[in-house]
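K.L.:
Just passing along the structure, written as C-alpha cells.
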Amino acid sequence: MTTTPSLPDPAATRELTELAVEIAREVATLVRASRERGVDLAGVKSTETDVVTQADLAAERRLRELLAEHRPHDAILGEEGGTTAGTTGLTWVLDPIDGTVNYLYGLPVYAVSVAVVAGEPDPASWTQVAGAVVSAADGRTWSAGRGLGAWHDGERLQVNPPRPLAQSLVATGFGYDARLRRHQAEVLTGVLDKVRDIRRAGSCAIDLCSVASGQVDVMYERGTNPWDFAAGGLVVREAGGVVTGLRHAAESTTMMLAGPAQTVAALARILEDLEADAPL
C-alpha cells in the first residue's frame, strides 16, 4: 500500500523553492547562450512537428547534475530523460525548455521549469511543494512555495479578480497530433465568441505565470504533461487561483484550466458542453 509522504515544513519548503530558482536560473542562462550560438536539432518526438534540440538535452542533463549535487536522494521526472527513482518521497519535475518551437524560431517565449512535488509525480495524487519558472530569453523569474505565496522577481502575485468570460482574456495552446489540433480548433471556435480574446504564446509554463501575474485572466489547454504545469500550476495556486481539469477531475493531459475559481468554472462549463475532452 502506498503511503502519503510527509510534507516539508515551511523552512524546508523555502529552501526547496530557493533551490528550484537557483538551478532554473543557471540552466536558463545556459539555454539563452546556446540559442545565441545557434540551434542544433536532436530529432523529433511524438510527431514531425514536435522537435527536440540539443539544448533541450543539455539543459536537462545539467538540471540533473545540479540535483545530484544538492538533492541526491530525491526522484526526478524529466521531459527528456524520464524517471529516476528516489527514496525521500519527493520528486523533481523538470521541463528543460518549455516552448521549444519558440526557441527554434528565436521567439523569446520559452522557459526552464523546475518543480518538486510530494508523492508520485501524477497530478491526480501529488502535492506541489515548490517551483520556479525562468524565462530563458530575459531572465524573468516566477516562483512559489506551498503556503509561502507566489512571486515574480520579488513582487507578490495575485490572479485577477473573477470577471465575466466576455471580459476575460484567455490563453491556450495546441498539441502536435493532427487529430488533436483539428479538435482543438473546433473547440476554439466555440470559445472565441464568448471571451474578450485569445492569446497563444507557445509556452504552457509562461502562460500559467501570466495568469498568476494578471496578464491574462484564465487559460486552458489539452495535451499538456506534468512537467508543463508542475511549477507554473503551483505559481497560480499560490497566487490565489485554481488549477483543475474538467468534470471535477484534476489537471491532466486530458485538460488543464487555471485562473480565478469563478472564471475557471464558467469556462469549464463551456468546454464540457463543447466536449473539449472527448476521446479522439
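Identifiers in the C-alpha cells: chain A, B, ... in order shown; residue index from 1 per chain; ligand index from 1 in order shown.
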Using DSSP on the backbone, list every residue of range 104-193 of chain A that comes out as strand (DSSP E), and give them as an NGL selection string.
P.N.:
:A and (111-118 or 127-135 or 141-145 or 149-152 or 155-156 or 169-171)
K.L.:
Hey, can you spit out that residue selection with C-alpha atoms as a CSV table (one decimal), in the first residue's frame?
P.N.:
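Now in part07.csv:
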```
chain,number,residue,atom,x,y,z
A,111,ALA,CA,11.3,28.8,-20.2
A,112,VAL,CA,13.1,26.5,-17.8
A,113,SER,CA,10.5,24.9,-15.4
A,114,VAL,CA,11.6,23.2,-12.2
A,115,ALA,CA,9.2,21.9,-9.6
A,116,VAL,CA,9.3,19.5,-6.6
A,117,VAL,CA,6.3,17.5,-5.6
A,118,ALA,CA,5.5,15.1,-2.7
A,127,THR,CA,1.1,17.7,-3.6
A,128,GLN,CA,3.1,20.5,-5.2
A,129,VAL,CA,5.8,21.8,-2.8
A,130,ALA,CA,7.9,24.3,-4.7
A,131,GLY,CA,8.6,25.5,-8.2
A,132,ALA,CA,10.3,28.1,-10.4
A,133,VAL,CA,9.8,29.1,-14.0
A,134,VAL,CA,12.5,31.2,-15.6
A,135,SER,CA,12.0,32.9,-18.9
A,141,THR,CA,11.6,34.5,-12.7
A,142,TRP,CA,8.4,33.3,-11.2
A,143,SER,CA,8.5,31.1,-8.1
A,144,ALA,CA,6.2,29.7,-5.4
A,145,GLY,CA,6.4,27.5,-2.3
A,149,GLY,CA,2.9,32.7,-1.8
A,150,ALA,CA,3.9,33.3,-5.5
A,151,TRP,CA,6.4,35.8,-6.6
A,152,HIS,CA,7.7,37.4,-9.8
A,155,GLU,CA,6.8,41.1,-6.4
A,156,ARG,CA,4.0,39.2,-4.7
A,169,LEU,CA,-8.5,37.4,-21.9
A,170,VAL,CA,-7.9,33.6,-22.4
A,171,ALA,CA,-4.6,31.9,-23.1
```
K.L.:
Could you list, as a ChimeraX atom specification, every residue within 8 Å of Val264 in chain A, counting only C-alpha atoms and ignoring same-chain residues fewer than 5 positions away?
P.N.:
/A:218,242,257-259
K.L.:
With N, CA and C atoms retained, write the just-selected residues as a short mmCIF file (atom, residue, chain, number, x, y, z; two decimals), in the first residue's frame.
P.N.:
```
data_model
loop_
_atom_site.label_atom_id
_atom_site.label_comp_id
_atom_site.auth_asym_id
_atom_site.auth_seq_id
_atom_site.Cartn_x
_atom_site.Cartn_y
_atom_site.Cartn_z
N VAL A 218 -7.38 33.82 -17.61
CA VAL A 218 -7.60 32.40 -17.43
C VAL A 218 -6.95 31.68 -18.61
N VAL A 242 -6.97 28.70 -9.08
CA VAL A 242 -7.17 27.25 -9.06
C VAL A 242 -6.61 26.67 -10.34
N LEU A 257 -7.06 23.68 -16.78
CA LEU A 257 -7.55 25.05 -16.72
C LEU A 257 -6.94 25.72 -15.51
N ALA A 258 -6.73 27.04 -15.59
CA ALA A 258 -6.14 27.77 -14.48
C ALA A 258 -6.64 29.20 -14.48
N GLY A 259 -6.88 29.73 -13.28
CA GLY A 259 -7.31 31.11 -13.14
C GLY A 259 -8.14 31.27 -11.89
#
```
K.L.:
Could the residues of range 134-209 of chain A that have an atom at most 10 Å from range 95-105 of chain A be listed as a tab-separated table, each with its closest atom pair and the distance in Å to one decimal, counting only C-alpha atoms and ordered by chain and ascending residue number?
P.N.:
```
residue	atom	partner	partner_atom	distance
A:Val134	CA	A:Ile97	CA	9.8
A:Ser135	CA	A:Asp98	CA	9.3
A:Ala136	CA	A:Ile97	CA	8.4
A:Ala137	CA	A:Tyr103	CA	8.9
A:Ala201	CA	A:Gly99	CA	8.7
A:Gly202	CA	A:Gly99	CA	5.6
A:Ser203	CA	A:Gly99	CA	4.5
A:Cys204	CA	A:Asp98	CA	7.1
A:Ala205	CA	A:Asp98	CA	6.7
A:Ile206	CA	A:Asp98	CA	8.3
```
K.L.:
In terms of the shortest atom-to-atom distance over only C-alpha atoms, which of A:Leu7, A:Pro108, A:Val52, A:Glu69 is closest to Arg32 in chain A?
P.N.:
A:Pro108
K.L.:
Rounded to one decimal in Å, what is the spacing between CA of Leu41 in chain A and CA of Cys209 in chain A?
P.N.:
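Distance between the two atoms: 27.6 Å.
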K.L.:
Which parts of range 199-270 of chain A does DSSP call alpha helix (DSSP H) when run on the backbone here, written out as number ranges by chain?
P.N.:
A: 204-213, 226-238, 261-270
K.L.:
Can you write just those residues out, C-alpha atoms, as a tab-separated table (two decimals), in the first residue's frame?
P.N.:
```
chain	number	residue	atom	x	y	z
A	204	CYS	CA	2.39	26.48	-21.05
A	205	ALA	CA	4.64	27.38	-18.12
A	206	ILE	CA	4.77	31.06	-19.10
A	207	ASP	CA	1.01	31.07	-19.79
A	208	LEU	CA	0.41	29.86	-16.24
A	209	CYS	CA	2.71	32.51	-14.83
A	210	SER	CA	0.87	35.10	-16.92
A	211	VAL	CA	-2.36	34.00	-15.24
A	212	ALA	CA	-0.72	34.36	-11.83
A	213	SER	CA	0.62	37.79	-12.80
A	226	PRO	CA	3.07	17.08	-15.80
A	227	TRP	CA	6.37	18.85	-16.48
A	228	ASP	CA	4.49	21.57	-18.41
A	229	PHE	CA	2.43	22.68	-15.42
A	230	ALA	CA	4.09	21.32	-12.26
A	231	ALA	CA	5.84	24.61	-11.43
A	232	GLY	CA	3.51	27.08	-13.14
A	233	GLY	CA	0.46	25.42	-11.64
A	234	LEU	CA	1.81	25.98	-8.14
A	235	VAL	CA	2.52	29.61	-9.00
A	236	VAL	CA	-1.14	30.02	-9.96
A	237	ARG	CA	-2.38	28.28	-6.81
A	238	GLU	CA	-0.17	30.35	-4.54
A	261	ALA	CA	-12.15	29.91	-9.43
A	262	GLN	CA	-15.34	31.52	-10.77
A	263	THR	CA	-13.85	32.24	-14.18
A	264	VAL	CA	-12.42	28.73	-14.43
A	265	ALA	CA	-15.81	27.25	-13.52
A	266	ALA	CA	-17.57	29.29	-16.21
A	267	LEU	CA	-15.01	28.32	-18.85
A	268	ALA	CA	-15.14	24.67	-17.76
A	269	ARG	CA	-18.89	24.57	-18.37
A	270	ILE	CA	-18.37	25.80	-21.93
```
K.L.:
Nearest residue to Pro72 in chain A out of A:Val216, A:Ala85, A:Val31, A:Ala166, using only C-alpha atoms?
P.N.:
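Smallest separation from Pro72 in chain A among the options: A:Ala85.
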K.L.:
Using only C-alpha atoms, find the one residue out of A:Met219, A:Pro164, A:Gly106, A:Leu67 that sits nearest to Thr91 in chain A.
P.N.:
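The closest residue to Thr91 in chain A is A:Leu67.
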K.L.:
Restricting the calculation to only C-alpha atoms: of A:Leu107, A:Leu274, A:Ala124, A:Leu77, which residue gets closest to Met256 in chain A?
P.N.:
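So, comparing all the options, the nearest one is A:Ala124.
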K.L.:
Quick one: residues within 8 Å of range 192-196 of chain A, only C-alpha atoms counted, chain neighbours fewer than 2 positions away excluded, as a ChimeraX atom specification?
P.N.:
/A:165-170,188-190,198
K.L.:
With only C-alpha atoms as the atoms that count, which of A:Arg146, A:Ala58, A:Ala28, A:Gln215 lies nearest to Ala11 in chain A?
P.N.:
A:Arg146
K.L.:
Have a look at CA of Gly147 in chain A and CA of Ser6 in chain A and let me know their distance in Å, one decimal.
P.N.:
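Separation of CA of Gly147 in chain A and CA of Ser6 in chain A: 15.0 Å.
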